[in-house]
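Reviewing the structure listed below.
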Amino acid sequence: MGEHGVSKRVKASNRKAVKPESRLAMVRRARKINRELAEVFPYAHPELDFRNPFELLVATVLSAQTTDLRVNQTTPALFAKYPTPEDLAAAVPEEVEELIRPTGFFRAKTKSIMGLAAALRDDFGGEVPGRLDDLVKLPGVGRKTAFVVLGNAFGVPGITVDTHFMRLVRRWKWTEQEDPVKIEAEIAEIFPKSEWTMLSHRVIFHGRRICHARKPACGACPITHLCPSYGEGETDPEKARKLLKYEMGGLPGQRLNPPPGYPGRPAPHLGASD
């Protein structure tokens with residue numbers, strides 16, 4: 001047999017050596033990733049500034065297609081002028097548009113937040129409801145936004161499937177789904193309900209700081225031994241360290257008023273130089 005035939009046989013042998021991961025092994029690996037991320041990010045938290053459920057709800061709606069930092073820089077003036085649903089529902093739309101302009105898509109977002117404020121005033125006595133079924137009926141509020149509010153304002157467990165979460169759970173082979181609702185359902189089967197909210201924070205923190213969309217910092221990642229996608233990004237440790245963001249890269253976080261225990265610097269106010 002010629003050299004080419006031997007080469008083909010070796011390749012076939014190598015392919016056979018890689019056994020597909022069993023469901024049980026994947027679940028164990030997923031739970032270990034969650035435990036190790038808890039050690040890396042013991043301070044993981046929602047990265048939107050808020051003082052009550054109404055502020056968190058509005059801020060989450062405003063965060064669509066922009067950064068939490070930009071929202072946090074914008075909401076202080078908005079909530080100073082319109083602190084309650086009743087105030088926001090009665091606002092002049094053009095004035096709201098001007099205040100939230102930095103978040104982008106400000107006309108559509110104005111319609112959403114004024115609409116949800118009116119619904120809170122008219123249907124819920126000016127209070128944000130603590131039930132998923134009620135929240136998703138509000139203008140501009142989907143399951144992701146609802147779970148952010150439920151988990152962080154009401155202590156109701158939920159999985160927040162944002163772009164970071166979707167990217168990482170697929171990289172880690174926890175799911176092959178692409179639809180957020182199906183991803184949520186599959187991940188919910190892997191972890192106990194009590195872990196859902198903090199799991200979401202840890203995964204999103206990891207996605208924002210280390211496991212980026214275009215160039216993951218694989219060489220600076222603490223869970224490479226558990227990641228089936230290691231090598232998709234920069235594996236050189238020195239180069240990878242330069243890709244780290246926020247407190248891991250020595251940069252400010254996204255919140256102007258981070259919670260106690262956050263190890264990084266607060267974000268600058270709108271118009272301030274870093």
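Naming scheme: A, B, ... for chains in displayed order of the structure tokens; residues 1 onward per chain; ligands 1 onward as shown.
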For the structure I just gave you, how does DSSP split stretch 25-126 of chain A - specifically, which residues are helix (DSSP H, G or I)? Reply as a PyMOL selection string.
chain A and resi 25-40+53-62+68-81+85-89+93-103+106-123
Which neighbours of stretch 192-201 of chain A fall inside 10 Å, counting only C-alpha atoms, when residues of the same chain fewer than 2 positions from it are skipped, and could you give them as number ranges by chain?
A: 31, 33-35, 37-38, 41-47, 147-148, 150-152, 155-162, 164-165, 184, 187-190, 203-207
List the spatial neighbours of stretch 248-259 of chain A as a VMD selection string - criterion: any atom at most 7 Å away, only C-alpha atoms, same-chain residues fewer than 4 positions off excluded.
chain A and resid 47 to 49 68 to 69 72 209 242 244 264 to 269
Go ahead and write the selection's residues with N, CA, C and O atoms as a tab-separated table (two decimals), in the first residue's frame.
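This is the output file result.tsv:
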```tsv
chain	number	residue	atom	x	y	z
A	47	GLU	N	-25.92	44.65	34.24
A	47	GLU	CA	-25.07	45.81	33.96
A	47	GLU	C	-25.87	47.05	33.54
A	47	GLU	O	-25.33	47.94	32.89
A	48	LEU	N	-27.12	47.08	33.94
A	48	LEU	CA	-27.93	48.29	33.77
A	48	LEU	C	-28.14	48.92	35.13
A	48	LEU	O	-28.48	48.24	36.10
A	49	ASP	N	-27.96	50.24	35.23
A	49	ASP	CA	-28.24	50.95	36.48
A	49	ASP	C	-29.75	51.04	36.68
A	49	ASP	O	-30.49	51.40	35.76
A	68	ASP	N	-25.13	48.66	27.20
A	68	ASP	CA	-25.66	49.02	28.51
A	68	ASP	C	-25.04	50.33	28.98
A	68	ASP	O	-25.69	51.13	29.64
A	69	LEU	N	-23.77	50.55	28.64
A	69	LEU	CA	-23.11	51.80	29.01
A	69	LEU	C	-23.87	53.00	28.46
A	69	LEU	O	-24.15	53.97	29.19
A	72	ASN	N	-27.00	53.49	30.40
A	72	ASN	CA	-26.72	54.01	31.75
A	72	ASN	C	-26.34	55.49	31.73
A	72	ASN	O	-26.61	56.21	32.69
A	209	ARG	N	-16.46	39.94	28.28
A	209	ARG	CA	-15.09	40.20	28.71
A	209	ARG	C	-14.04	39.33	28.04
A	209	ARG	O	-12.93	39.78	27.79
A	242	LYS	N	-4.50	41.12	25.79
A	242	LYS	CA	-4.78	42.45	25.26
A	242	LYS	C	-6.21	42.58	24.73
A	242	LYS	O	-6.68	43.69	24.49
A	244	LEU	N	-8.86	41.36	26.40
A	244	LEU	CA	-9.78	41.37	27.52
A	244	LEU	C	-10.43	42.74	27.69
A	244	LEU	O	-9.78	43.77	27.51
A	264	GLY	N	-13.96	46.62	39.30
A	264	GLY	CA	-13.48	47.56	38.28
A	264	GLY	C	-13.87	48.99	38.58
A	264	GLY	O	-14.40	49.32	39.65
A	265	ARG	N	-13.61	49.85	37.62
A	265	ARG	CA	-13.94	51.27	37.75
A	265	ARG	C	-15.34	51.55	37.20
A	265	ARG	O	-15.74	50.94	36.21
A	266	PRO	N	-16.06	52.49	37.83
A	266	PRO	CA	-17.37	52.87	37.27
A	266	PRO	C	-17.20	53.49	35.88
A	266	PRO	O	-16.17	54.06	35.57
A	267	ALA	N	-18.22	53.36	35.08
A	267	ALA	CA	-18.22	53.96	33.74
A	267	ALA	C	-18.32	55.48	33.86
A	267	ALA	O	-18.85	56.01	34.83
A	268	PRO	N	-17.80	56.20	32.87
A	268	PRO	CA	-17.90	57.66	32.88
A	268	PRO	C	-19.29	58.14	32.52
A	268	PRO	O	-20.02	57.46	31.80
A	269	HIS	N	-19.67	59.30	33.03
A	269	HIS	CA	-20.95	59.89	32.66
A	269	HIS	C	-20.93	60.35	31.20
A	269	HIS	O	-19.87	60.50	30.61
```
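Interatomic distance, atom CA of A:Thr60 to atom CA of A:Thr145: 6.0 Å.
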Contact residues around A:Glu232 with only C-alpha atoms at 8 Å, ignoring same-chain residues under 2 positions, as a PyMOL selection string:
chain A and resi 215-216+218+229-230+234
Can you pull out every residue within 9 Å of A:Phe79, counting only C-alpha atoms, but drop anything in the same chain fewer than 4 positions away, and send it as an NGL selection string?
:A and (55 or 75 or 83-84 or 88)
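With atom CA of A:Pro93 on one side and atom CA of A:Ala80 on the other, the separation reads 16.1 Å.
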Go ahead and compute the interatomic distance for atom CA of A:Lys239 and atom CA of A:Ala220, in Å to one decimal.
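Going from atom CA of A:Lys239 over to atom CA of A:Ala220 covers 8.7 Å.
Proximity to A:Val141 was assessed for A:Leu270, A:Val92, A:Ile223, A:Leu116 counting only C-alpha atoms; the smallest distance is recorded for A:Leu116.
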For each of A:Ala272, A:Leu62, A:Leu120, A:Arg70, take the minimum atom-to-atom distance to A:Phe105, counting only C-alpha atoms, then give the residue where this is smallest.
A:Leu62
Residues at most 12 Å from stretch 20-24 of chain A, counting only C-alpha atoms, excluding those fewer than 6 positions away in the same chain, as JSON, numbers by chain?
{"A": [30, 31, 172, 173, 174, 175, 186, 189, 190, 228]}
Write out as a ChimeraX atom specification which residues come within 12 Å of A:Gly115 when counting only C-alpha atoms, dropping same-chain ones fewer than 4 positions away.
/A:58,61,85-86,88-91,93,108-111,119-123,137-141
My list of candidates is A:Asp134, A:Gly142, A:Ala64, A:Glu178. Which is closest to A:Phe106 when distances are computed with only C-alpha atoms?
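Of A:Asp134, A:Gly142, A:Ala64, A:Glu178, the one nearest A:Phe106, counting only C-alpha atoms, is A:Ala64.
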